[in-house]
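K.L.:
Structure incoming, see below.
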Amino acid sequence: MFTAFCATIFAATQVFDTNTADAAKGNLKELEAIAASVVGGVILSGGFGSIVGVVFGAVIFGLVQNSVFYISWIDGSYYRTFLGTVLLVAALSNETIRKRFTGGI
């Protein structure tokens with residue numbers, strides 16, 4: 001219920017800001033949230049990580065997103081490529097990190 005409440009407040013503030021509603025406004029935001037969490041140290045299988053790490057990961061992704069779109073010689077689609085690369089590396093290294101934290105279980 002709290003997640004639905006937060007989504008409603010976020011949608012309302014966007015509508016008040018832009019004076020229009022766009023159903024595709026949050027497209028692929030779940031992928032960004034997962035990638036920010038993984039960069040911040042959360043293991044994909046769950047159980048390990050911290051809020052400080054997630055905030056750190058979100059700051060890193062925010063900086064990369066802004067830098068890709070403000071640097072004129074870099075195409076904007078490279079941000080999605082960076083996002084996919086980070087998730088691929090996280091998925092491949094997830095098992096090694098999980099074994100280190102759980103002691104090889």
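Residue numbering restarts at 1 in every chain; chains get A, B, ... in the order shown in the structure tokens, and ligands count up from 1 in that same order.
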Might you pull out every residue within 12 Å of Thr81 of chain A, with only C-alpha atoms counted and same-chain residues fewer than 5 positions away left off, and present them as a ChimeraX atom specification?
P.N.:
/A:32,64-65,68,75-76,86-88
K.L.:
Using only C-alpha atoms, which protein or nucleic acid residues come within 10 Å of Leu31 of chain A? Drop anything in the same chain fewer than 2 positions from it, and give the result as JSON, numbers by chain.
P.N.:
{"A": [27, 28, 29, 33, 34, 35, 36, 37, 80, 83, 84, 87]}
K.L.:
Among the residues of chain A, find those DSSP assigns to alpha helix (DSSP H) from the backbone and print them as a VMD selection string.
P.N.:
chain A and resid 2 to 18 29 to 39 51 to 70 78 to 102
K.L.:
May I ask which of the residues A:Lys99, A:Val15, A:Thr20, A:Gly40 is the closest one to Phe61 of chain A, counting only C-alpha atoms?
P.N.:
A:Gly40
K.L.:
Any idea what the distance is between atom CA of Phe48 of chain A and atom CA of Ala91 of chain A?
P.N.:
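Separating atom CA of Phe48 of chain A from atom CA of Ala91 of chain A is a distance of 15.0 Å.
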K.L.:
What does the distance between atom CA of Gly53 of chain A and atom CA of Gly41 of chain A come to in Å, to one decimal place?
P.N.:
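According to the coordinates, atom CA of Gly53 of chain A and atom CA of Gly41 of chain A are separated by 5.8 Å.
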K.L.:
Need to verify the contact set: Asn66 of chain A, 12 Å, only C-alpha atoms, exclusion of same-chain residues closer than 5 positions in sequence. Can you return it as a list in words?
P.N.:
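So the residues in contact are Val59, Ile60, Phe61, Ile71, Ser72, Ile74, Gly76, Tyr78 and Tyr79 of chain A.
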K.L.:
Go ahead and write the residues just picked, N, CA and C atoms, as a PDB file, in the first residue's frame.
P.N.:
ATOM      1  N   VAL A  59      22.942   7.661  -7.189  1.00  0.00           N
ATOM      2  CA  VAL A  59      23.719   8.865  -7.512  1.00  0.00           C
ATOM      3  C   VAL A  59      24.634   8.596  -8.699  1.00  0.00           C
ATOM      4  N   ILE A  60      25.266   7.438  -8.729  1.00  0.00           N
ATOM      5  CA  ILE A  60      26.145   7.091  -9.851  1.00  0.00           C
ATOM      6  C   ILE A  60      25.350   7.042 -11.153  1.00  0.00           C
ATOM      7  N   PHE A  61      24.194   6.396 -11.136  1.00  0.00           N
ATOM      8  CA  PHE A  61      23.390   6.316 -12.353  1.00  0.00           C
ATOM      9  C   PHE A  61      22.847   7.683 -12.758  1.00  0.00           C
ATOM     10  N   ILE A  71      26.670  15.738 -22.809  1.00  0.00           N
ATOM     11  CA  ILE A  71      27.862  15.742 -23.659  1.00  0.00           C
ATOM     12  C   ILE A  71      27.394  15.551 -25.097  1.00  0.00           C
ATOM     13  N   SER A  72      27.650  16.537 -25.927  1.00  0.00           N
ATOM     14  CA  SER A  72      27.046  16.561 -27.271  1.00  0.00           C
ATOM     15  C   SER A  72      27.589  15.475 -28.202  1.00  0.00           C
ATOM     16  N   ILE A  74      28.319  12.409 -27.483  1.00  0.00           N
ATOM     17  CA  ILE A  74      27.872  11.060 -27.093  1.00  0.00           C
ATOM     18  C   ILE A  74      26.386  10.939 -27.413  1.00  0.00           C
ATOM     19  N   GLY A  76      22.619   9.714 -27.043  1.00  0.00           N
ATOM     20  CA  GLY A  76      21.810   9.468 -25.850  1.00  0.00           C
ATOM     21  C   GLY A  76      21.454   8.006 -25.633  1.00  0.00           C
ATOM     22  N   TYR A  78      23.408   5.580 -25.642  1.00  0.00           N
ATOM     23  CA  TYR A  78      24.471   4.873 -24.940  1.00  0.00           C
ATOM     24  C   TYR A  78      24.166   4.705 -23.453  1.00  0.00           C
ATOM     25  N   TYR A  79      23.256   5.500 -22.916  1.00  0.00           N
ATOM     26  CA  TYR A  79      22.871   5.323 -21.518  1.00  0.00           C
ATOM     27  C   TYR A  79      22.210   3.961 -21.325  1.00  0.00           C
TER      28      TYR A  79
END
K.L.:
From the options A:Gly49, A:Val89, A:Ala11, A:Glu95, which residue's atoms come nearest to Ala24 of chain A, counting only C-alpha atoms?
P.N.:
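Once distances to Ala24 of chain A are computed over only C-alpha atoms, the minimum belongs to A:Ala11.
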K.L.:
Please list as a list in words every residue within 12 Å of Gly47 of chain A, counting only C-alpha atoms and excluding residues in the same chain fewer than 5 positions away.
P.N.:
Gly41, Val42, Arg98, Phe101 and Thr102 of chain A
K.L.:
Keeping only N, CA, C and O atoms, write those residues as a short mmCIF file (atom, residue, chain, number, x, y, z; two decimals), in the first residue's frame.
P.N.:
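This is the output file out_29.cif:
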data_model
loop_
_atom_site.label_atom_id
_atom_site.label_comp_id
_atom_site.auth_asym_id
_atom_site.auth_seq_id
_atom_site.Cartn_x
_atom_site.Cartn_y
_atom_site.Cartn_z
N GLY A 41 25.39 -2.42 -4.24
CA GLY A 41 25.83 -3.55 -3.43
C GLY A 41 24.76 -4.54 -3.04
O GLY A 41 25.03 -5.46 -2.27
N VAL A 42 23.55 -4.40 -3.53
CA VAL A 42 22.49 -5.35 -3.22
C VAL A 42 22.66 -6.58 -4.11
O VAL A 42 22.86 -6.46 -5.31
N ARG A 98 27.55 -13.75 -3.93
CA ARG A 98 26.65 -14.43 -3.01
C ARG A 98 27.37 -15.51 -2.24
O ARG A 98 27.19 -15.66 -1.02
N PHE A 101 29.48 -13.94 0.59
CA PHE A 101 28.72 -13.48 1.74
C PHE A 101 28.10 -14.62 2.55
O PHE A 101 27.99 -14.55 3.76
N THR A 102 27.66 -15.67 1.87
CA THR A 102 27.00 -16.77 2.58
C THR A 102 27.96 -17.87 3.00
O THR A 102 27.54 -18.85 3.61
#
